[in-house]
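Below: target_38.csv (CSV, C-alpha atoms)
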chain,number,residue,atom,x,y,z
A,1,SER,CA,-37.9,1.3,25.5
A,2,SER,CA,-34.9,-1.0,25.9
A,3,ALA,CA,-36.7,-3.8,23.9
A,4,ALA,CA,-37.4,-1.5,21.0
A,5,SER,CA,-33.9,-0.2,21.0
A,6,ASP,CA,-32.6,-3.8,20.8
A,7,VAL,CA,-35.0,-4.5,17.9
A,8,TYR,CA,-33.7,-1.5,16.0
A,9,LYS,CA,-30.1,-2.5,16.7
A,10,ARG,CA,-30.7,-6.0,15.4
A,11,GLN,CA,-32.4,-4.6,12.3
A,12,GLY,CA,-29.5,-2.3,11.6
A,13,GLN,CA,-27.0,-5.2,12.0
A,14,GLU,CA,-29.1,-7.3,9.6
A,15,ARG,CA,-29.2,-4.5,7.0
A,16,ALA,CA,-25.4,-4.2,7.3
A,17,LYS,CA,-25.0,-7.9,6.8
A,18,LEU,CA,-27.3,-7.8,3.7
A,19,GLU,CA,-25.5,-4.8,2.3
A,20,ASP,CA,-22.2,-6.5,2.9
A,21,ARG,CA,-23.3,-9.6,0.9
A,22,ASP,CA,-24.3,-7.4,-2.0
A,23,HIS,CA,-21.1,-5.4,-1.9
A,24,ARG,CA,-19.0,-8.5,-1.5
A,25,LYS,CA,-20.6,-10.0,-4.7
A,26,ARG,CA,-19.9,-6.9,-6.7
A,27,ARG,CA,-16.4,-6.5,-5.2
A,28,ARG,CA,-15.4,-10.0,-6.1
A,29,ALA,CA,-16.6,-9.5,-9.7
A,30,VAL,CA,-14.7,-6.2,-10.0
A,31,ILE,CA,-11.5,-7.7,-8.5
A,32,ALA,CA,-11.7,-10.8,-10.8
A,33,LYS,CA,-12.2,-8.6,-13.9
A,34,GLY,CA,-9.4,-6.3,-12.9
A,35,ALA,CA,-6.9,-9.1,-12.1
A,36,LYS,CA,-7.6,-10.8,-15.4
A,37,TRP,CA,-6.8,-7.5,-17.3
A,38,LEU,CA,-3.7,-6.8,-15.1
A,39,ALA,CA,-2.3,-10.3,-15.7
A,40,SER,CA,-2.7,-9.8,-19.5
A,41,GLN,CA,-0.5,-6.6,-19.3
A,42,GLN,CA,2.7,-8.3,-18.0
A,43,SER,CA,5.7,-7.9,-20.3
A,44,ASP,CA,7.8,-10.7,-21.7
A,45,GLU,CA,10.5,-9.9,-19.1
A,46,GLY,CA,8.0,-10.3,-16.3
A,47,SER,CA,7.5,-6.6,-15.5
A,48,TRP,CA,4.5,-4.3,-15.5
A,49,GLY,CA,4.4,-0.6,-16.4
A,50,GLU,CA,4.5,1.3,-19.6
A,51,THR,CA,7.5,3.6,-19.5
A,52,LYS,CA,7.9,5.1,-16.0
A,53,ALA,CA,8.0,3.7,-12.4
A,54,VAL,CA,8.3,0.1,-13.7
A,55,ILE,CA,9.7,-1.2,-10.4
A,56,ALA,CA,6.9,0.3,-8.3
A,57,VAL,CA,4.2,-0.7,-10.8
A,58,THR,CA,5.6,-4.3,-11.1
A,59,SER,CA,5.7,-4.7,-7.3
A,60,LEU,CA,2.2,-3.4,-6.8
A,61,SER,CA,0.9,-5.6,-9.7
A,62,ILE,CA,2.5,-8.7,-8.1
A,63,LEU,CA,0.8,-7.8,-4.7
A,64,ALA,CA,-2.5,-7.2,-6.5
A,65,LEU,CA,-2.5,-10.7,-8.1
A,66,MET,CA,-1.4,-12.2,-4.8
A,67,SER,CA,-4.2,-10.5,-3.0
A,68,THR,CA,-6.7,-12.6,-5.2
A,69,GLY,CA,-5.2,-15.8,-3.8
A,70,SER,CA,-2.4,-16.7,-6.1
A,71,THR,CA,1.1,-17.2,-4.7
A,72,ASP,CA,4.6,-17.7,-6.2
A,73,GLY,CA,4.0,-20.4,-8.7
A,74,ARG,CA,0.5,-21.4,-7.5
A,75,GLY,CA,-3.0,-20.4,-8.3
A,76,PRO,CA,-4.6,-18.8,-11.3
A,77,TYR,CA,-2.0,-16.2,-11.5
A,78,GLY,CA,0.9,-18.1,-10.0
A,79,ARG,CA,2.9,-18.0,-13.1
A,80,ASN,CA,2.5,-14.2,-13.4
A,81,VAL,CA,3.5,-13.8,-9.8
A,82,ARG,CA,6.6,-16.0,-10.2
A,83,ARG,CA,7.7,-14.2,-13.4
A,84,GLY,CA,7.2,-10.8,-11.6
A,85,ILE,CA,9.2,-12.0,-8.6
A,86,ASP,CA,12.0,-13.3,-10.9
A,87,TYR,CA,12.1,-9.9,-12.5
A,88,LEU,CA,12.7,-8.2,-9.2
A,89,LEU,CA,15.2,-10.7,-8.0
A,90,LYS,CA,17.3,-10.3,-11.1
A,91,LEU,CA,17.5,-6.5,-10.6
A,92,ILE,CA,19.6,-7.3,-7.5
A,93,GLU,CA,21.3,-10.5,-8.6
A,94,GLN,CA,22.5,-9.1,-11.9
A,95,LYS,CA,23.2,-5.6,-10.7
A,96,PRO,CA,25.9,-3.9,-12.8
A,97,VAL,CA,29.2,-3.7,-11.0
A,98,GLU,CA,29.6,-0.1,-12.0
A,99,SER,CA,26.3,0.9,-10.4
A,100,GLU,CA,26.4,4.0,-8.2
A,101,TRP,CA,23.7,2.6,-5.9
A,102,PRO,CA,23.9,0.2,-3.0
A,103,ALA,CA,23.8,-3.6,-3.6
A,104,GLY,CA,20.2,-4.0,-2.3
A,105,TYR,CA,18.7,-1.2,-4.3
A,106,PHE,CA,16.2,-2.2,-7.0
A,107,GLU,CA,17.5,-0.4,-10.0
A,108,ARG,CA,16.3,-0.4,-13.6
A,109,GLN,CA,18.0,1.5,-16.4
A,110,ASN,CA,15.9,4.6,-17.4
A,111,ASP,CA,13.4,4.1,-14.5
A,112,THR,CA,13.9,7.4,-12.6
A,113,ALA,CA,10.4,7.5,-11.1
A,114,SER,CA,10.2,4.4,-8.9
A,115,ARG,CA,13.2,5.3,-6.6
A,116,MET,CA,12.6,4.6,-2.9
A,117,HIS,CA,8.8,4.3,-3.3
A,118,GLY,CA,9.7,1.3,-5.6
A,119,GLN,CA,12.2,0.1,-3.1
A,120,GLY,CA,9.5,-0.1,-0.4
A,121,TYR,CA,7.0,-1.8,-2.6
A,122,ALA,CA,9.5,-4.3,-4.0
A,123,THR,CA,10.6,-5.2,-0.5
A,124,LEU,CA,6.9,-5.7,0.4
A,125,ALA,CA,6.3,-7.9,-2.6
A,126,LEU,CA,9.3,-10.2,-1.9
A,127,ALA,CA,8.4,-10.5,1.7
A,128,SER,CA,4.9,-11.4,0.8
A,129,ALA,CA,6.1,-14.1,-1.6
A,130,LEU,CA,8.7,-15.6,0.7
A,131,GLY,CA,6.3,-17.6,2.9
A,132,THR,CA,5.0,-19.7,0.0
A,133,ALA,CA,8.2,-19.9,-2.1
A,134,THR,CA,9.5,-23.4,-1.4
A,135,SER,CA,10.0,-25.0,-4.8
A,136,ALA,CA,13.3,-25.2,-6.6
A,137,GLY,CA,14.8,-22.1,-8.1
A,138,ARG,CA,18.2,-22.0,-9.8
A,139,VAL,CA,20.4,-25.0,-9.6
A,140,GLY,CA,21.9,-25.5,-6.1
A,141,THR,CA,19.5,-23.3,-4.2
A,142,SER,CA,15.9,-23.3,-3.1
A,143,ARG,CA,13.6,-20.6,-4.2
A,144,HIS,CA,12.9,-19.6,-0.6
A,145,ALA,CA,16.7,-19.1,0.0
A,146,ARG,CA,17.0,-17.1,-3.2
A,147,ILE,CA,14.3,-14.7,-2.3
A,148,ARG,CA,15.4,-14.4,1.3
A,149,LYS,CA,19.0,-13.5,0.2
A,150,VAL,CA,17.7,-10.6,-2.0
A,151,LEU,CA,15.2,-9.5,0.7
A,152,ILE,CA,18.0,-9.2,3.3
A,153,LYS,CA,20.0,-7.0,0.9
A,154,ALA,CA,16.9,-4.9,0.2
A,155,VAL,CA,16.3,-4.3,3.9
A,156,ALA,CA,19.9,-3.4,4.5
A,157,CYS,CA,19.6,-0.8,1.7
A,158,CYS,CA,16.5,0.6,3.4
A,159,GLU,CA,18.2,0.9,6.8
A,160,LEU,CA,21.3,2.6,5.4
A,161,ALA,CA,19.2,5.1,3.4
A,162,GLN,CA,17.4,6.6,6.4
A,163,THR,CA,18.1,10.3,6.7
A,164,PRO,CA,19.2,12.0,10.0
A,165,THR,CA,15.6,13.2,10.4
A,166,GLY,CA,14.3,9.6,10.6
A,167,GLY,CA,12.5,10.0,7.3
A,168,TYR,CA,13.4,8.9,3.8
A,169,GLY,CA,14.0,10.7,0.6
A,170,TYR,CA,13.7,9.6,-3.1
A,171,THR,CA,17.2,8.1,-3.4
A,172,PRO,CA,18.9,5.4,-1.4
A,173,THR,CA,21.2,7.8,0.3
A,174,ARG,CA,21.3,9.8,3.6
A,175,SER,CA,20.4,12.9,1.7
A,176,ALA,CA,19.0,16.1,3.0
A,177,MET,CA,15.7,15.5,1.2
A,178,HIS,CA,13.0,13.6,3.1
A,179,GLU,CA,9.2,13.1,3.0
A,180,GLY,CA,6.3,11.1,4.5
A,181,SER,CA,5.0,9.0,1.6
A,182,VAL,CA,8.4,7.4,0.9
A,183,THR,CA,8.9,6.9,4.7
A,184,VAL,CA,5.6,5.0,4.8
A,185,ALA,CA,6.4,2.8,1.7
A,186,VAL,CA,9.7,1.8,3.3
A,187,ALA,CA,8.1,1.1,6.6
A,188,GLN,CA,5.6,-1.2,4.9
A,189,GLY,CA,8.3,-3.2,3.3
A,190,MET,CA,10.4,-3.5,6.5
A,191,ARG,CA,7.4,-4.6,8.5
A,192,ALA,CA,6.6,-7.3,6.0
A,193,ALA,CA,10.3,-8.4,6.0
A,194,ARG,CA,10.3,-8.6,9.8
A,195,ASP,CA,7.1,-10.8,9.7
A,196,VAL,CA,9.0,-13.4,7.6
A,197,GLY,CA,12.0,-13.5,9.9
A,198,VAL,CA,14.4,-10.9,8.6
A,199,VAL,CA,16.1,-9.0,11.4
A,200,ILE,CA,15.2,-5.3,11.4
A,201,ASP,CA,17.0,-2.6,13.3
A,202,ARG,CA,14.3,-1.4,15.8
A,203,SER,CA,16.0,2.0,16.1
A,204,VAL,CA,15.4,2.5,12.4
A,205,VAL,CA,11.7,1.8,12.9
A,206,ASP,CA,11.5,4.1,15.9
A,207,ARG,CA,13.2,7.0,14.1
A,208,GLY,CA,10.8,6.5,11.2
A,209,LEU,CA,7.7,6.6,13.3
A,210,ARG,CA,9.1,9.6,15.2
A,211,TYR,CA,9.5,11.4,11.9
A,212,LEU,CA,5.8,10.7,11.0
A,213,ARG,CA,4.7,11.8,14.5
A,214,ASN,CA,6.5,15.1,13.9
A,215,SER,CA,4.7,15.5,10.6
A,216,GLN,CA,1.3,15.7,12.2
A,217,LYS,CA,-0.4,19.1,12.3
A,218,GLU,CA,-2.6,20.6,14.9
A,219,ASP,CA,-5.7,19.7,13.0
A,220,GLY,CA,-4.7,16.0,13.0
A,221,SER,CA,-3.7,15.7,9.3
A,222,PHE,CA,-0.2,14.8,8.3
A,223,ARG,CA,2.2,16.9,6.3
A,224,TYR,CA,4.2,16.1,3.2
A,225,SER,CA,7.3,16.4,5.3
A,226,THR,CA,8.5,17.8,8.6
A,227,SER,CA,9.9,20.8,6.6
A,228,GLN,CA,6.8,21.5,4.5
A,229,ASP,CA,3.3,22.4,5.7
A,230,THR,CA,1.2,20.9,2.9
A,231,SER,CA,-1.1,18.0,4.2
A,232,SER,CA,-3.6,15.8,2.5
A,233,TYR,CA,-6.1,12.9,2.8
A,234,ALA,CA,-3.6,10.6,1.2
A,235,LEU,CA,-0.7,11.5,3.5
A,236,THR,CA,-2.9,11.3,6.5
A,237,ALA,CA,-4.2,7.8,5.6
A,238,ALA,CA,-0.6,6.6,4.8
A,239,ALA,CA,0.8,7.8,8.1
A,240,LEU,CA,-2.0,6.2,10.1
A,241,SER,CA,-1.5,2.9,8.3
A,242,ALA,CA,2.2,2.9,9.3
A,243,PHE,CA,1.4,3.4,13.0
A,244,PHE,CA,-1.1,0.6,12.9
A,245,LEU,CA,1.4,-1.7,11.1
A,246,PHE,CA,3.8,-1.2,14.0
A,247,GLY,CA,1.2,-1.7,16.7
A,248,GLN,CA,0.2,1.8,17.8
A,249,TYR,CA,-3.6,1.7,17.7
A,250,GLU,CA,-4.1,4.0,20.7
A,251,ASP,CA,-3.6,7.7,21.1
A,252,GLY,CA,-0.7,8.2,23.4
A,253,GLU,CA,-0.1,11.6,24.9
A,254,THR,CA,-0.8,13.6,21.8
A,255,ASN,CA,-4.1,11.9,20.7
A,256,LEU,CA,-2.3,11.1,17.5
A,257,VAL,CA,-4.6,8.3,16.3
A,258,SER,CA,-8.0,9.9,17.1
A,259,ARG,CA,-6.9,13.3,15.7
A,260,GLY,CA,-5.6,11.6,12.5
A,261,ILE,CA,-8.9,9.7,12.1
A,262,LYS,CA,-11.0,12.8,12.6
A,263,ALA,CA,-8.9,14.6,9.9
A,264,MET,CA,-9.4,11.7,7.5
A,265,ARG,CA,-13.1,11.8,8.2
A,266,ARG,CA,-13.2,15.5,7.5
A,267,TYR,CA,-11.5,15.1,4.2
A,268,ILE,CA,-14.2,12.6,3.1
A,269,GLU,CA,-17.1,14.6,4.5
A,270,LYS,CA,-15.9,17.7,2.6
A,271,SER,CA,-14.9,16.1,-0.7
A,272,GLY,CA,-16.5,12.6,-0.7
A,273,ALA,CA,-14.4,10.0,-2.6
A,274,ARG,CA,-12.7,12.5,-4.8
A,275,HIS,CA,-9.2,13.4,-3.6
A,276,ARG,CA,-5.9,14.2,-5.1
A,277,TRP,CA,-3.8,11.1,-5.5
A,278,TYR,CA,-7.1,9.2,-5.6
A,279,TYR,CA,-5.9,5.5,-5.9
A,280,TYR,CA,-2.8,5.9,-3.7
A,281,GLY,CA,-4.8,7.6,-1.0
A,282,HIS,CA,-7.7,5.1,-0.9
A,283,PHE,CA,-5.2,2.2,-0.9
A,284,TYR,CA,-3.7,3.5,2.3
A,285,ALA,CA,-7.0,4.5,3.8
A,286,ALA,CA,-8.5,1.1,3.2
A,287,TRP,CA,-5.4,-0.5,5.0
A,288,ALA,CA,-5.7,1.9,7.9
A,289,CYS,CA,-9.4,1.6,8.4
A,290,TRP,CA,-9.4,-2.2,8.1
A,291,GLN,CA,-6.6,-2.4,10.7
A,292,LYS,CA,-8.4,-0.1,13.0
A,293,ASP,CA,-11.7,-2.0,13.3
A,294,GLY,CA,-12.3,-4.2,10.3
A,295,HIS,CA,-14.2,-6.8,12.3
A,296,THR,CA,-17.5,-5.1,11.5
A,297,TRP,CA,-18.9,-3.6,8.3
A,298,ASP,CA,-21.7,-1.7,10.1
A,299,PRO,CA,-21.1,2.0,9.0
A,300,ASN,CA,-22.6,3.2,12.3
A,301,ARG,CA,-20.2,1.1,14.5
A,302,SER,CA,-16.8,1.2,12.8
A,303,LEU,CA,-14.4,3.4,10.9
A,304,TRP,CA,-14.0,0.6,8.3
A,305,GLY,CA,-17.8,0.3,7.7
A,306,TRP,CA,-18.2,4.1,7.4
A,307,TRP,CA,-15.2,4.4,5.1
A,308,GLN,CA,-16.1,1.6,2.7
A,309,LYS,CA,-19.7,2.8,2.5
A,310,HIS,CA,-18.5,6.2,1.3
A,311,ILE,CA,-15.7,5.1,-1.0
A,312,TYR,CA,-16.3,1.6,-2.6
A,313,PRO,CA,-19.2,2.6,-4.8
A,314,ASN,CA,-17.2,5.4,-6.4
A,315,LEU,CA,-14.1,3.2,-6.7
A,316,MET,CA,-15.9,0.3,-8.3
A,317,ASN,CA,-17.6,2.7,-10.8
A,318,ARG,CA,-14.2,3.7,-12.1
A,319,GLN,CA,-13.6,0.3,-13.7
A,320,THR,CA,-13.7,0.3,-17.5
A,321,SER,CA,-15.2,-2.3,-19.8
A,322,ASP,CA,-11.9,-4.1,-20.3
A,323,GLY,CA,-11.3,-4.5,-16.5
A,324,SER,CA,-8.8,-1.7,-16.0
A,325,PHE,CA,-9.4,1.4,-13.9
A,326,GLU,CA,-9.7,4.9,-15.2
A,327,LEU,CA,-6.7,7.2,-15.1
A,328,GLU,CA,-7.0,10.1,-12.6
A,329,THR,CA,-6.2,13.5,-13.9
A,330,GLY,CA,-3.0,15.0,-12.8
A,331,LYS,CA,-0.4,13.4,-10.7
A,332,PHE,CA,-0.5,9.7,-11.7
A,333,VAL,CA,-1.8,10.0,-15.2
A,334,ASP,CA,1.7,9.4,-16.7
A,335,PHE,CA,2.0,6.0,-15.0
A,336,GLY,CA,-0.8,4.4,-16.9
A,337,PRO,CA,-3.8,2.2,-16.0
A,338,GLN,CA,-1.6,-0.7,-14.7
A,339,LEU,CA,-0.8,1.4,-11.6
A,340,THR,CA,-4.4,2.5,-11.1
A,341,THR,CA,-5.7,-1.0,-11.5
A,342,ALA,CA,-3.2,-2.5,-9.1
A,343,PHE,CA,-4.0,0.0,-6.5
A,344,ALA,CA,-7.8,-0.5,-7.0
A,345,ILE,CA,-7.5,-4.3,-6.7
A,346,LEU,CA,-5.5,-4.0,-3.5
A,347,THR,CA,-7.9,-1.4,-2.1
Final structure tokens representation of the file:
Amino acid sequence: SSAASDVYKRQGQERAKLEDRDHRKRRRAVIAKGAKWLASQQSDEGSWGETKAVIAVTSLSILALMSTGSTDGRGPYGRNVRRGIDYLLKLIEQKPVESEWPAGYFERQNDTASRMHGQGYATLALASALGTATSAGRVGTSRHARIRKVLIKAVACCELAQTPTGGYGYTPTRSAMHEGSVTVAVAQGMRAARDVGVVIDRSVVDRGLRYLRNSQKEDGSFRYSTSQDTSSYALTAAALSAFFLFGQYEDGETNLVSRGIKAMRRYIEKSGARHRWYYYGHFYAAWACWQKDGHTWDPNRSLWGWWQKHIYPNLMNRQTSDGSFELETGKFVDFGPQLTTAFAILT
């Protein structure tokens, strides 16, 4: 009967609420422990990362600590965030005159791994810090103005580095190489910069999104690039997050969104939480699912509820006794636990 159906519906909603409270309590404990460990790993110069991808790992670590409630100079990790932001700013402000790279490119000697991924994440970190950065910085300038000046240069570098395909490659040049994960990282940073008042060339955004659209396969998944057929859970989640960031929540003529979501579901139904590029993929999937319908945690009513029910237990179980997160085998193992922990906290 209709009355019985309503009762079962209410009971299901109550179960979802109770489950949410239990998960929330555990999540907060996991995040707090992870953030404490991550803050302890900051170097004397303000960076994070062991030997490789220092710019990318530093930017993601800043974002992870900010996600717990600290801002530039405020909160439990305010000093860590400020020192990290200062580190990124100096990479542009004190850029060697003889550098072969553009003025707004985040460049660190011997860091050959961050490249344009790091550029996107660093742009995102500075944009995220800008809104609360109002205290005095160097003599004669406010901290807000200092960050904004560097952020404008970083965005200009992103715009000039777009390849003729609309995608981005690993270097800040209009090279022949292009791929989807870099394109998404740059799109994230540019969207955040636009949100804090930096003027973005809309045609750059449109070309980037067109590149991602052209990367979608018939089965709904997204390829590594428009010139390579390999697709994955991580790339599919990343592409969806980019479309949602720029306001495309509906399908359009090609059913892009619904096909992408179905592909992401298939990956999880087939392999559970375990996927290649584990932390990177779940970071983007969490973002995409939350943007899609994060207003409810009921796994029977929302993509977000369904996704977190399948993924969060496995993710939280990967935290070690010291607060860091286990390395994954293969692709990211060389970048150390600072990267895995930053991604896990953000997720």
| Non-local contacts of region 326-329 of chain A (12 Å; all atoms listed in the file; under 3 positions in same chain excluded) as an MDAnalysis selection string | chainID A and resid 34 274:280 314:323 332:344
| said: What does the structure give for the distance between CA of Gly197 (chain A) and CA of Arg108 (chain A), in Å to one decimal? | reply: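 These atoms are spaced 27.2 Å apart.
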| note | Correct to one decimal, the distance CA of Met116 (chain A)-CA of Arg207 (chain A) is 17.2 Å
| Given all atoms listed in the file as the counted atoms, nearest of A:Ile55, A:Val150, A:Leu245, A:Ala64 to Ile31 (chain A) |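 For Ile31 (chain A), the nearest of the given residues is A:Ala64.
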| query | Could you name the residues that touch region 78-82 of chain A at 10 Å or less, counting all atoms listed in the file, but leaving out those on the same chain fewer than 2 positions away, as a ChimeraX atom specification? | reply | /A:38-40,42-43,46-47,58-59,61-66,69-76,84-88,125,129,133
| request: Do a neighbour search on region 94-96 of chain A at 12 Å with only C-alpha atoms, toss out local chain neighbours closer than 3 positions, and write the hits as a PyMOL selection string. | output: chain A and resi 86-91+99-109+150
| query | Counting only C-alpha atoms, which of A:Ala154, A:Lys262, A:Arg83, A:Arg202 gets nearest to Asp44 (chain A)? | reply | A:Arg83
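With distances restricted to only C-alpha atoms, A:Ser114 is the closest residue to Val57 (chain A) from A:Asn214, A:Ser114, A:Gln41, A:Asn300.
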| field | Which residue of A:Gly294, A:Ser181, A:Arg194, A:Glu253 approaches Phe222 (chain A) most closely, using all atoms listed in the file | value |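 Among A:Gly294, A:Ser181, A:Arg194, A:Glu253, it is A:Ser181 that comes nearest to Phe222 (chain A).
Going from CA of Ala263 (chain A) over to CA of Thr236 (chain A), you cover 7.6 Å.
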| request: Pick out the residues sitting within 7 Å of Ala56 (chain A), and hand them over as number ranges by chain; count only C-alpha atoms, and ignore anything fewer than 5 positions along from it in its own chain. | output: A: 114, 117-118, 121-122
| task | Choose the residue, out of A:Ser215, A:Thr51, A:Thr68, A:Thr112, that has the smallest atom-to-atom separation from Arg28 (chain A); count all atoms listed in the file. | result | A:Thr68
| So which one's closest to Cys158 (chain A), A:Cys289, A:Ala187, A:Ala145, A:Ala127? Using all atoms listed in the file, please. |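 Among A:Cys289, A:Ala187, A:Ala145, A:Ala127, it is A:Ala187 that comes nearest to Cys158 (chain A).
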Could you check which residues have any atom within 12 Å of (11.3, 24.3, 7.0), counting only C-alpha atoms with coordinates taken straight from the file, and then list them as a compact mmCIF listing (two decimals) with C-alpha atoms, keeping the file's coordinate frame?
# COMPACT_ATOMS: atom_id res chain seq x y z
CA ALA A 176 19.00 16.10 3.00
CA MET A 177 15.70 15.50 1.20
CA HIS A 178 13.00 13.60 3.10
CA SER A 215 4.70 15.50 10.60
CA ARG A 223 2.20 16.90 6.30
CA TYR A 224 4.20 16.10 3.20
CA SER A 225 7.30 16.40 5.30
CA THR A 226 8.50 17.80 8.60
CA SER A 227 9.90 20.80 6.60
CA GLN A 228 6.80 21.50 4.50
CA ASP A 229 3.30 22.40 5.70
CA THR A 230 1.20 20.90 2.90
| request: For Ser203 (chain A), please output as a list in words all residues within 12 Å (counting only C-alpha atoms; exclusion window: fewer than 3 positions along the same chain). | output: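 Residues meeting the cut-off are Glu159, Leu160, Gln162, Gly166, Val199, Ile200, Asp206, Arg207, Gly208, Leu209 and Arg210 of chain A.
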Please fill the gaps in region 234-249 of chain A so it has N, CA, C and O atoms, and write that as a PDB file, keeping the file's coordinate frame.
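Okay, rebuild.pdb is ready:
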ATOM      1  N   ALA A 234      -4.421  11.699   1.486  1.00  0.00           N
ATOM      2  CA  ALA A 234      -3.600  10.600   1.200  1.00  0.00           C
ATOM      3  C   ALA A 234      -2.434  10.420   2.189  1.00  0.00           C
ATOM      4  O   ALA A 234      -2.146   9.314   2.675  1.00  0.00           O
ATOM      5  N   LEU A 235      -1.771  11.514   2.505  1.00  0.00           N
ATOM      6  CA  LEU A 235      -0.700  11.500   3.500  1.00  0.00           C
ATOM      7  C   LEU A 235      -1.144  11.098   4.861  1.00  0.00           C
ATOM      8  O   LEU A 235      -0.471  10.376   5.604  1.00  0.00           O
ATOM      9  N   THR A 236      -2.322  11.581   5.221  1.00  0.00           N
ATOM     10  CA  THR A 236      -2.900  11.300   6.500  1.00  0.00           C
ATOM     11  C   THR A 236      -3.210   9.791   6.630  1.00  0.00           C
ATOM     12  O   THR A 236      -2.882   9.125   7.628  1.00  0.00           O
ATOM     13  N   ALA A 237      -3.840   9.238   5.598  1.00  0.00           N
ATOM     14  CA  ALA A 237      -4.200   7.800   5.600  1.00  0.00           C
ATOM     15  C   ALA A 237      -2.897   6.966   5.613  1.00  0.00           C
ATOM     16  O   ALA A 237      -2.820   5.957   6.333  1.00  0.00           O
ATOM     17  N   ALA A 238      -1.890   7.359   4.840  1.00  0.00           N
ATOM     18  CA  ALA A 238      -0.600   6.600   4.800  1.00  0.00           C
ATOM     19  C   ALA A 238       0.052   6.579   6.152  1.00  0.00           C
ATOM     20  O   ALA A 238       0.529   5.531   6.609  1.00  0.00           O
ATOM     21  N   ALA A 239       0.123   7.731   6.807  1.00  0.00           N
ATOM     22  CA  ALA A 239       0.800   7.800   8.100  1.00  0.00           C
ATOM     23  C   ALA A 239       0.046   6.923   9.137  1.00  0.00           C
ATOM     24  O   ALA A 239       0.673   6.170   9.899  1.00  0.00           O
ATOM     25  N   LEU A 240      -1.285   6.989   9.157  1.00  0.00           N
ATOM     26  CA  LEU A 240      -2.000   6.200  10.100  1.00  0.00           C
ATOM     27  C   LEU A 240      -1.794   4.672   9.858  1.00  0.00           C
ATOM     28  O   LEU A 240      -1.647   3.893  10.805  1.00  0.00           O
ATOM     29  N   SER A 241      -1.732   4.283   8.595  1.00  0.00           N
ATOM     30  CA  SER A 241      -1.500   2.900   8.300  1.00  0.00           C
ATOM     31  C   SER A 241      -0.145   2.415   8.838  1.00  0.00           C
ATOM     32  O   SER A 241       0.006   1.287   9.300  1.00  0.00           O
ATOM     33  N   ALA A 242       0.846   3.303   8.787  1.00  0.00           N
ATOM     34  CA  ALA A 242       2.200   2.900   9.300  1.00  0.00           C
ATOM     35  C   ALA A 242       2.158   2.744  10.804  1.00  0.00           C
ATOM     36  O   ALA A 242       2.759   1.799  11.323  1.00  0.00           O
ATOM     37  N   PHE A 243       1.482   3.618  11.529  1.00  0.00           N
ATOM     38  CA  PHE A 243       1.400   3.400  13.000  1.00  0.00           C
ATOM     39  C   PHE A 243       0.687   2.146  13.341  1.00  0.00           C
ATOM     40  O   PHE A 243       1.114   1.414  14.237  1.00  0.00           O
ATOM     41  N   PHE A 244      -0.398   1.842  12.633  1.00  0.00           N
ATOM     42  CA  PHE A 244      -1.100   0.600  12.900  1.00  0.00           C
ATOM     43  C   PHE A 244      -0.265  -0.614  12.592  1.00  0.00           C
ATOM     44  O   PHE A 244      -0.299  -1.617  13.301  1.00  0.00           O
ATOM     45  N   LEU A 245       0.517  -0.536  11.512  1.00  0.00           N
ATOM     46  CA  LEU A 245       1.400  -1.700  11.100  1.00  0.00           C
ATOM     47  C   LEU A 245       2.355  -2.005  12.248  1.00  0.00           C
ATOM     48  O   LEU A 245       2.683  -3.176  12.451  1.00  0.00           O
ATOM     49  N   PHE A 246       2.830  -0.992  12.945  1.00  0.00           N
ATOM     50  CA  PHE A 246       3.800  -1.200  14.000  1.00  0.00           C
ATOM     51  C   PHE A 246       3.193  -1.229  15.392  1.00  0.00           C
ATOM     52  O   PHE A 246       3.884  -1.059  16.395  1.00  0.00           O
ATOM     53  N   GLY A 247       1.868  -1.406  15.453  1.00  0.00           N
ATOM     54  CA  GLY A 247       1.200  -1.700  16.700  1.00  0.00           C
ATOM     55  C   GLY A 247       0.711  -0.542  17.527  1.00  0.00           C
ATOM     56  O   GLY A 247       0.256  -0.733  18.657  1.00  0.00           O
ATOM     57  N   GLN A 248       0.764   0.671  17.003  1.00  0.00           N
ATOM     58  CA  GLN A 248       0.200   1.800  17.800  1.00  0.00           C
ATOM     59  C   GLN A 248      -1.208   2.076  17.321  1.00  0.00           C
ATOM     60  O   GLN A 248      -1.453   2.779  16.342  1.00  0.00           O
ATOM     61  N   TYR A 249      -2.160   1.492  18.049  1.00  0.00           N
ATOM     62  CA  TYR A 249      -3.600   1.700  17.700  1.00  0.00           C
ATOM     63  C   TYR A 249      -4.217   2.718  18.672  1.00  0.00           C
ATOM     64  O   TYR A 249      -5.313   3.197  18.408  1.00  0.00           O
TER      65      TYR A 249
END
